[in-house]
>>> print(open('upload.pdb').read())   # PDB, C-alpha atoms, pLDDT in the B column
ATOM      1  CA  MET A 249      23.055 183.991  67.820  1.00 42.00           C
ATOM      2  CA  PRO A 250      19.930 186.144  68.494  1.00 49.00           C
ATOM      3  CA  ILE A 251      17.707 183.193  67.618  1.00 46.00           C
ATOM      4  CA  LYS A 252      19.378 181.021  70.223  1.00 50.00           C
ATOM      5  CA  ALA A 253      19.134 183.805  72.819  1.00 49.00           C
ATOM      6  CA  GLY A 254      15.411 184.129  72.075  1.00 51.00           C
ATOM      7  CA  TRP A 255      14.960 180.373  72.424  1.00 48.00           C
ATOM      8  CA  VAL A 256      16.633 180.380  75.848  1.00 52.00           C
ATOM      9  CA  PHE A 257      14.374 183.269  76.887  1.00 55.00           C
ATOM     10  CA  ARG A 258      11.227 181.427  75.805  1.00 67.00           C
ATOM     11  CA  LYS A 259      12.377 178.141  77.305  1.00 77.00           C
ATOM     12  CA  ASP A 260      12.936 179.774  80.705  1.00 81.00           C
ATOM     13  CA  ARG A 261       9.606 181.579  80.495  1.00 84.00           C
ATOM     14  CA  ARG A 262       7.871 178.356  79.456  1.00 88.00           C
ATOM     15  CA  GLN A 263       9.298 176.494  82.455  1.00 89.00           C
ATOM     16  CA  ALA A 264       8.173 179.270  84.799  1.00 89.00           C
ATOM     17  CA  VAL A 265       4.626 179.156  83.385  1.00 92.00           C
ATOM     18  CA  LEU A 266       4.412 175.370  83.600  1.00 94.00           C
ATOM     19  CA  GLY A 267       5.642 175.455  87.190  1.00 95.00           C
ATOM     20  CA  ARG A 268       3.169 178.150  88.217  1.00 96.00           C
ATOM     21  CA  ILE A 269       0.212 176.405  86.580  1.00 97.00           C
ATOM     22  CA  ALA A 270       1.164 173.189  88.375  1.00 96.00           C
ATOM     23  CA  GLU A 271       0.671 175.101  91.649  1.00 97.00           C
ATOM     24  CA  ILE A 272      -2.909 176.112  90.781  1.00 98.00           C
ATOM     25  CA  PRO A 273      -5.405 173.487  91.972  1.00 97.00           C
ATOM     26  CA  TYR A 274      -7.697 171.960  89.324  1.00 97.00           C
ATOM     27  CA  LEU A 275      -5.591 173.148  86.368  1.00 98.00           C
ATOM     28  CA  SER A 276      -3.146 171.008  84.430  1.00 97.00           C
ATOM     29  CA  VAL A 277      -0.899 171.510  81.436  1.00 96.00           C
ATOM     30  CA  ALA A 278       1.261 169.362  79.203  1.00 91.00           C
ATOM     31  CA  PRO A 279       4.619 170.849  78.189  1.00 90.00           C
ATOM     32  CA  PRO A 280       4.349 172.510  74.773  1.00 88.00           C
ATOM     33  CA  ARG A 281       6.723 171.603  71.984  1.00 82.00           C
ATOM     34  CA  GLY A 282       8.806 174.651  71.129  1.00 75.00           C
ATOM     35  CA  THR A 283       6.014 177.208  71.034  1.00 82.00           C
ATOM     36  CA  PHE A 284       5.310 180.474  72.826  1.00 88.00           C
ATOM     37  CA  TYR A 285       2.013 179.291  74.288  1.00 92.00           C
ATOM     38  CA  CYS A 286       0.536 176.372  76.187  1.00 94.00           C
ATOM     39  CA  PHE A 287      -2.889 174.793  76.462  1.00 96.00           C
ATOM     40  CA  VAL A 288      -4.159 174.585  80.028  1.00 98.00           C
ATOM     41  CA  ASN A 289      -6.763 171.956  80.877  1.00 98.00           C
ATOM     42  CA  VAL A 290      -9.623 173.572  82.808  1.00 98.00           C
ATOM     43  CA  ALA A 291     -11.953 170.525  82.662  1.00 98.00           C
ATOM     44  CA  ALA A 292     -11.997 170.197  86.458  1.00 98.00           C
ATOM     45  CA  CYS A 293     -13.534 173.705  86.679  1.00 98.00           C
ATOM     46  CA  LEU A 294     -16.354 173.014  84.239  1.00 98.00           C
ATOM     47  CA  GLY A 295     -19.684 172.655  85.978  1.00 97.00           C
ATOM     48  CA  TRP A 296     -18.607 174.989  88.758  1.00 98.00           C
ATOM     49  CA  LYS A 297     -19.913 178.505  89.235  1.00 97.00           C
ATOM     50  CA  HIS A 298     -18.528 181.972  89.637  1.00 96.00           C
ATOM     51  CA  ARG A 299     -21.051 184.180  91.444  1.00 93.00           C
ATOM     52  CA  ASP A 300     -23.927 181.929  90.350  1.00 93.00           C
ATOM     53  CA  MET A 301     -22.726 181.928  86.710  1.00 95.00           C
ATOM     54  CA  PRO A 302     -22.199 178.309  85.589  1.00 97.00           C
ATOM     55  CA  ILE A 303     -18.960 177.586  83.761  1.00 98.00           C
ATOM     56  CA  GLU A 304     -19.955 175.217  80.986  1.00 97.00           C
ATOM     57  CA  ASP A 305     -16.937 175.455  78.681  1.00 97.00           C
ATOM     58  CA  ALA A 306     -13.694 177.265  77.931  1.00 97.00           C
ATOM     59  CA  ASP A 307     -15.540 180.200  76.322  1.00 97.00           C
ATOM     60  CA  ILE A 308     -17.333 180.989  79.566  1.00 97.00           C
ATOM     61  CA  PHE A 309     -14.183 180.373  81.625  1.00 98.00           C
ATOM     62  CA  THR A 310     -12.153 182.819  79.498  1.00 98.00           C
ATOM     63  CA  SER A 311     -14.945 185.391  79.441  1.00 98.00           C
ATOM     64  CA  LEU A 312     -15.282 185.357  83.231  1.00 98.00           C
ATOM     65  CA  LEU A 313     -11.515 185.332  83.708  1.00 98.00           C
ATOM     66  CA  ALA A 314     -11.280 188.483  81.575  1.00 98.00           C
ATOM     67  CA  SER A 315     -14.242 190.331  83.091  1.00 97.00           C
ATOM     68  CA  GLU A 316     -13.746 189.324  86.724  1.00 96.00           C
ATOM     69  CA  ALA A 317      -9.950 189.045  87.010  1.00 97.00           C
ATOM     70  CA  GLY A 318      -8.710 191.163  84.111  1.00 97.00           C
ATOM     71  CA  VAL A 319      -6.796 188.270  82.554  1.00 98.00           C
ATOM     72  CA  LYS A 320      -6.995 187.726  78.802  1.00 97.00           C
ATOM     73  CA  VAL A 321      -6.430 184.211  77.476  1.00 97.00           C
ATOM     74  CA  VAL A 322      -7.823 182.437  74.420  1.00 97.00           C
ATOM     75  CA  SER A 323     -10.528 179.815  74.618  1.00 98.00           C
ATOM     76  CA  GLY A 324      -9.614 176.348  73.447  1.00 96.00           C
ATOM     77  CA  ASN A 325     -12.963 176.231  71.653  1.00 94.00           C
ATOM     78  CA  GLU A 326     -11.233 178.107  68.830  1.00 90.00           C
ATOM     79  CA  PHE A 327      -8.822 175.172  68.547  1.00 93.00           C
ATOM     80  CA  GLY A 328     -11.329 172.355  68.959  1.00 94.00           C
ATOM     81  CA  SER A 329     -11.298 171.854  72.734  1.00 96.00           C
ATOM     82  CA  ARG A 330     -14.021 173.021  75.096  1.00 96.00           C
ATOM     83  CA  LYS A 331     -11.828 171.993  78.040  1.00 98.00           C
ATOM     84  CA  HIS A 332      -8.686 174.064  77.403  1.00 98.00           C
ATOM     85  CA  ILE A 333      -7.497 177.641  77.390  1.00 98.00           C
ATOM     86  CA  ARG A 334      -4.424 178.947  75.591  1.00 97.00           C
ATOM     87  CA  ILE A 335      -1.913 181.066  77.481  1.00 95.00           C
ATOM     88  CA  SER A 336       0.847 182.946  75.687  1.00 93.00           C
ATOM     89  CA  PHE A 337       4.110 183.392  77.511  1.00 88.00           C
ATOM     90  CA  ALA A 338       5.400 185.891  74.925  1.00 86.00           C
ATOM     91  CA  VAL A 339       4.442 188.795  77.169  1.00 87.00           C
ATOM     92  CA  PRO A 340       6.480 190.766  79.720  1.00 87.00           C
ATOM     93  CA  GLU A 341       7.447 188.590  82.666  1.00 86.00           C
ATOM     94  CA  GLU A 342       5.798 190.878  85.223  1.00 90.00           C
ATOM     95  CA  ALA A 343       2.494 190.790  83.329  1.00 92.00           C
ATOM     96  CA  LEU A 344       2.680 187.022  83.073  1.00 92.00           C
ATOM     97  CA  GLU A 345       3.302 186.589  86.799  1.00 93.00           C
ATOM     98  CA  LEU A 346       0.468 188.975  87.672  1.00 96.00           C
ATOM     99  CA  GLY A 347      -1.909 187.231  85.265  1.00 96.00           C
ATOM    100  CA  LEU A 348      -1.126 183.803  86.686  1.00 97.00           C
ATOM    101  CA  ASP A 349      -1.612 185.099  90.238  1.00 97.00           C
ATOM    102  CA  LYS A 350      -4.986 186.538  89.240  1.00 98.00           C
ATOM    103  CA  MET A 351      -5.903 183.272  87.521  1.00 98.00           C
ATOM    104  CA  ALA A 352      -5.117 181.344  90.713  1.00 98.00           C
ATOM    105  CA  LYS A 353      -7.382 183.660  92.739  1.00 98.00           C
ATOM    106  CA  PHE A 354     -10.134 183.323  90.142  1.00 98.00           C
ATOM    107  CA  VAL A 355      -9.997 179.508  90.233  1.00 98.00           C
ATOM    108  CA  ASP A 356      -9.989 179.635  94.027  1.00 97.00           C
ATOM    109  CA  SER A 357     -13.200 181.710  93.927  1.00 97.00           C
ATOM    110  CA  LEU A 358     -15.147 179.040  92.021  1.00 97.00           C
ATOM    111  CA  SER A 359     -17.722 176.931  93.785  1.00 95.00           C
TER     112      SER A 359
END
>>> encode(input="upload.pdb", output="C-alpha cells")
Amino acid sequence: MPIKAGWVFRKDRRQAVLGRIAEIPYLSVAPPRGTFYCFVNVAACLGWKHRDMPIEDADIFTSLLASEAGVKVVSGNEFGSRKHIRISFAVPEEALELGLDKMAKFVDSLS
C-alpha cells in the first residue's frame, strides 16, 4: 500500500509541474514515464542573454538560473542534450512552486 500512495503523490506532483511549465513562455516539456523528474526543453532561450551574458547551452542556463534566481536544476548536457534541463519533483511542494515561479521570472528577464 505505501508504494501505491507514493505513486499517487508523485503522479499529482508531476501533473502540477507539467501544468506550471506549460504556463512559462518558451519552455516545453514532454510528460515523463513514471519518474520523479522531467526534462524541460529550453532551446527557445538559447541565444538570448541575461544581463549581457549569452545563454549558449543548458550549462549556462542552469548556472545563471542558480546564481541569479536561486533555483537549482541539472543541465541536460550531463544526459546528452544541450537544449534541456532536468527538474526533480521529489522535493517539498512549497519549494517546487517557489522554484517554478522563480524560473518563470528568470525566463521573463531574458532578452
>>> residues_around(input="upload.pdb", residues="A:Leu266", least_positions_apart="2", cutoff="10 Å", atoms="only C-alpha atoms", output="number ranges by chain")
A: 261-264, 268-271, 276-280, 286, 288
>>> atom_distance(input="upload.pdb", atom1="atom CA of A:Lys350", atom2="atom CA of A:His298")
14.3 Å
>>> resolve_selection(input="upload.pdb", expression="the PyMOL selection byres ((chain A and resi 332-345) around 10)", output="PyMOL selection string")
chain A and resi 257-259+261-265+268+275-277+283-291+305-307+309-310+319-331+346-351
>>> closest_residue(input="upload.pdb", among="A:Ile272, A:Arg281, A:Met301, A:Lys353", to="A:Ala317", atoms="all atoms listed in the file")
A:Lys353
>>> atom_distance(input="upload.pdb", atom1="atom CA of A:Ser357", atom2="atom CA of A:Arg299")
8.6 Å
>>> atom_distance(input="upload.pdb", atom1="atom CA of A:Ser359", atom2="atom CA of A:Ser315")
17.5 Å
>>> residues_around(input="upload.pdb", residues="A:Glu304", least_positions_apart="4", cutoff="9 Å", atoms="all atoms listed in the file", output="list in words")
Cys293, Leu294, Gly295, Trp296, Lys297, Ile308, Phe309 and Arg330 of chain A
>>> axis_aligned_box(input="upload.pdb", around="stretch 269-286 of chain A", padding_each_side="4 Å", output="lines of an AutoDock Vina configuration file")
center_x = 0.6
center_y = 174.9
center_z = 81.5
size_x = 24.5
size_y = 19.1
size_z = 28.9
>>> build_atoms(input="upload.pdb", residues="stretch 294-326 of chain A", atoms="N, CA and C atoms", output="PDB file, keeping the file's coordinate frame")
ATOM      1  N   LEU A 294     -15.090 172.981  84.965  1.00 98.00           N
ATOM      2  CA  LEU A 294     -16.354 173.014  84.239  1.00 98.00           C
ATOM      3  C   LEU A 294     -17.449 172.413  85.110  1.00 98.00           C
ATOM      4  N   GLY A 295     -18.588 173.065  85.111  1.00 97.00           N
ATOM      5  CA  GLY A 295     -19.684 172.655  85.978  1.00 97.00           C
ATOM      6  C   GLY A 295     -19.714 173.439  87.276  1.00 97.00           C
ATOM      7  N   TRP A 296     -18.632 174.139  87.584  1.00 98.00           N
ATOM      8  CA  TRP A 296     -18.607 174.989  88.758  1.00 98.00           C
ATOM      9  C   TRP A 296     -19.238 176.331  88.428  1.00 98.00           C
ATOM     10  N   LYS A 297     -19.315 177.190  89.427  1.00 97.00           N
ATOM     11  CA  LYS A 297     -19.913 178.505  89.235  1.00 97.00           C
ATOM     12  C   LYS A 297     -18.994 179.596  89.747  1.00 97.00           C
ATOM     13  N   HIS A 298     -19.149 180.754  89.129  1.00 96.00           N
ATOM     14  CA  HIS A 298     -18.528 181.972  89.637  1.00 96.00           C
ATOM     15  C   HIS A 298     -19.657 182.968  89.838  1.00 96.00           C
ATOM     16  N   ARG A 299     -19.952 183.265  91.110  1.00 93.00           N
ATOM     17  CA  ARG A 299     -21.051 184.180  91.444  1.00 93.00           C
ATOM     18  C   ARG A 299     -22.349 183.751  90.752  1.00 93.00           C
ATOM     19  N   ASP A 300     -22.699 182.521  90.903  1.00 93.00           N
ATOM     20  CA  ASP A 300     -23.927 181.929  90.350  1.00 93.00           C
ATOM     21  C   ASP A 300     -23.939 181.800  88.827  1.00 93.00           C
ATOM     22  N   MET A 301     -22.825 182.096  88.151  1.00 95.00           N
ATOM     23  CA  MET A 301     -22.726 181.928  86.710  1.00 95.00           C
ATOM     24  C   MET A 301     -22.055 180.586  86.434  1.00 95.00           C
ATOM     25  N   PRO A 302     -22.790 179.618  85.856  1.00 97.00           N
ATOM     26  CA  PRO A 302     -22.199 178.309  85.589  1.00 97.00           C
ATOM     27  C   PRO A 302     -21.116 178.377  84.509  1.00 97.00           C
ATOM     28  N   ILE A 303     -20.048 177.665  84.736  1.00 98.00           N
ATOM     29  CA  ILE A 303     -18.960 177.586  83.761  1.00 98.00           C
ATOM     30  C   ILE A 303     -19.135 176.277  83.002  1.00 98.00           C
ATOM     31  N   GLU A 304     -19.626 176.393  81.792  1.00 97.00           N
ATOM     32  CA  GLU A 304     -19.955 175.217  80.986  1.00 97.00           C
ATOM     33  C   GLU A 304     -18.857 174.816  80.015  1.00 97.00           C
ATOM     34  N   ASP A 305     -18.016 175.776  79.623  1.00 97.00           N
ATOM     35  CA  ASP A 305     -16.937 175.455  78.681  1.00 97.00           C
ATOM     36  C   ASP A 305     -15.848 176.518  78.757  1.00 97.00           C
ATOM     37  N   ALA A 306     -14.837 176.357  77.914  1.00 97.00           N
ATOM     38  CA  ALA A 306     -13.694 177.265  77.931  1.00 97.00           C
ATOM     39  C   ALA A 306     -14.081 178.687  77.542  1.00 97.00           C
ATOM     40  N   ASP A 307     -15.093 178.852  76.686  1.00 97.00           N
ATOM     41  CA  ASP A 307     -15.540 180.200  76.322  1.00 97.00           C
ATOM     42  C   ASP A 307     -16.011 180.967  77.548  1.00 97.00           C
ATOM     43  N   ILE A 308     -16.821 180.331  78.361  1.00 97.00           N
ATOM     44  CA  ILE A 308     -17.333 180.989  79.566  1.00 97.00           C
ATOM     45  C   ILE A 308     -16.201 181.216  80.560  1.00 97.00           C
ATOM     46  N   PHE A 309     -15.330 180.226  80.724  1.00 98.00           N
ATOM     47  CA  PHE A 309     -14.183 180.373  81.625  1.00 98.00           C
ATOM     48  C   PHE A 309     -13.353 181.585  81.228  1.00 98.00           C
ATOM     49  N   THR A 310     -12.997 181.705  79.936  1.00 98.00           N
ATOM     50  CA  THR A 310     -12.153 182.819  79.498  1.00 98.00           C
ATOM     51  C   THR A 310     -12.880 184.158  79.609  1.00 98.00           C
ATOM     52  N   SER A 311     -14.168 184.162  79.335  1.00 98.00           N
ATOM     53  CA  SER A 311     -14.945 185.391  79.441  1.00 98.00           C
ATOM     54  C   SER A 311     -14.982 185.889  80.886  1.00 98.00           C
ATOM     55  N   LEU A 312     -15.250 184.981  81.814  1.00 98.00           N
ATOM     56  CA  LEU A 312     -15.282 185.357  83.231  1.00 98.00           C
ATOM     57  C   LEU A 312     -13.897 185.733  83.741  1.00 98.00           C
ATOM     58  N   LEU A 313     -12.883 185.016  83.296  1.00 98.00           N
ATOM     59  CA  LEU A 313     -11.515 185.332  83.708  1.00 98.00           C
ATOM     60  C   LEU A 313     -11.149 186.749  83.269  1.00 98.00           C
ATOM     61  N   ALA A 314     -11.563 187.134  82.074  1.00 98.00           N
ATOM     62  CA  ALA A 314     -11.280 188.483  81.575  1.00 98.00           C
ATOM     63  C   ALA A 314     -12.088 189.539  82.325  1.00 98.00           C
ATOM     64  N   SER A 315     -13.393 189.308  82.475  1.00 97.00           N
ATOM     65  CA  SER A 315     -14.242 190.331  83.091  1.00 97.00           C
ATOM     66  C   SER A 315     -14.072 190.433  84.600  1.00 97.00           C
ATOM     67  N   GLU A 316     -13.830 189.325  85.260  1.00 96.00           N
ATOM     68  CA  GLU A 316     -13.746 189.324  86.724  1.00 96.00           C
ATOM     69  C   GLU A 316     -12.326 189.496  87.262  1.00 96.00           C
ATOM     70  N   ALA A 317     -11.327 188.988  86.511  1.00 97.00           N
ATOM     71  CA  ALA A 317      -9.950 189.045  87.010  1.00 97.00           C
ATOM     72  C   ALA A 317      -9.039 189.916  86.144  1.00 97.00           C
ATOM     73  N   GLY A 318      -9.528 190.334  84.984  1.00 97.00           N
ATOM     74  CA  GLY A 318      -8.710 191.163  84.111  1.00 97.00           C
ATOM     75  C   GLY A 318      -7.608 190.412  83.395  1.00 97.00           C
ATOM     76  N   VAL A 319      -7.805 189.103  83.194  1.00 98.00           N
ATOM     77  CA  VAL A 319      -6.796 188.270  82.554  1.00 98.00           C
ATOM     78  C   VAL A 319      -7.326 187.804  81.206  1.00 98.00           C
ATOM     79  N   LYS A 320      -6.577 188.102  80.150  1.00 97.00           N
ATOM     80  CA  LYS A 320      -6.995 187.726  78.802  1.00 97.00           C
ATOM     81  C   LYS A 320      -6.224 186.493  78.342  1.00 97.00           C
ATOM     82  N   VAL A 321      -6.967 185.430  78.071  1.00 97.00           N
ATOM     83  CA  VAL A 321      -6.430 184.211  77.476  1.00 97.00           C
ATOM     84  C   VAL A 321      -7.366 183.843  76.327  1.00 97.00           C
ATOM     85  N   VAL A 322      -7.009 182.841  75.561  1.00 97.00           N
ATOM     86  CA  VAL A 322      -7.823 182.437  74.420  1.00 97.00           C
ATOM     87  C   VAL A 322      -8.516 181.118  74.740  1.00 97.00           C
ATOM     88  N   SER A 323      -9.770 181.045  74.400  1.00 98.00           N
ATOM     89  CA  SER A 323     -10.528 179.815  74.618  1.00 98.00           C
ATOM     90  C   SER A 323     -10.033 178.704  73.699  1.00 98.00           C
ATOM     91  N   GLY A 324      -9.977 177.512  74.247  1.00 96.00           N
ATOM     92  CA  GLY A 324      -9.614 176.348  73.447  1.00 96.00           C
ATOM     93  C   GLY A 324     -10.679 175.969  72.436  1.00 96.00           C
ATOM     94  N   ASN A 325     -11.893 176.501  72.618  1.00 94.00           N
ATOM     95  CA  ASN A 325     -12.963 176.231  71.653  1.00 94.00           C
ATOM     96  C   ASN A 325     -12.524 176.606  70.245  1.00 94.00           C
ATOM     97  N   GLU A 326     -11.730 177.665  70.132  1.00 90.00           N
ATOM     98  CA  GLU A 326     -11.233 178.107  68.830  1.00 90.00           C
ATOM     99  C   GLU A 326     -10.279 177.091  68.207  1.00 90.00           C
TER     100      GLU A 326
END
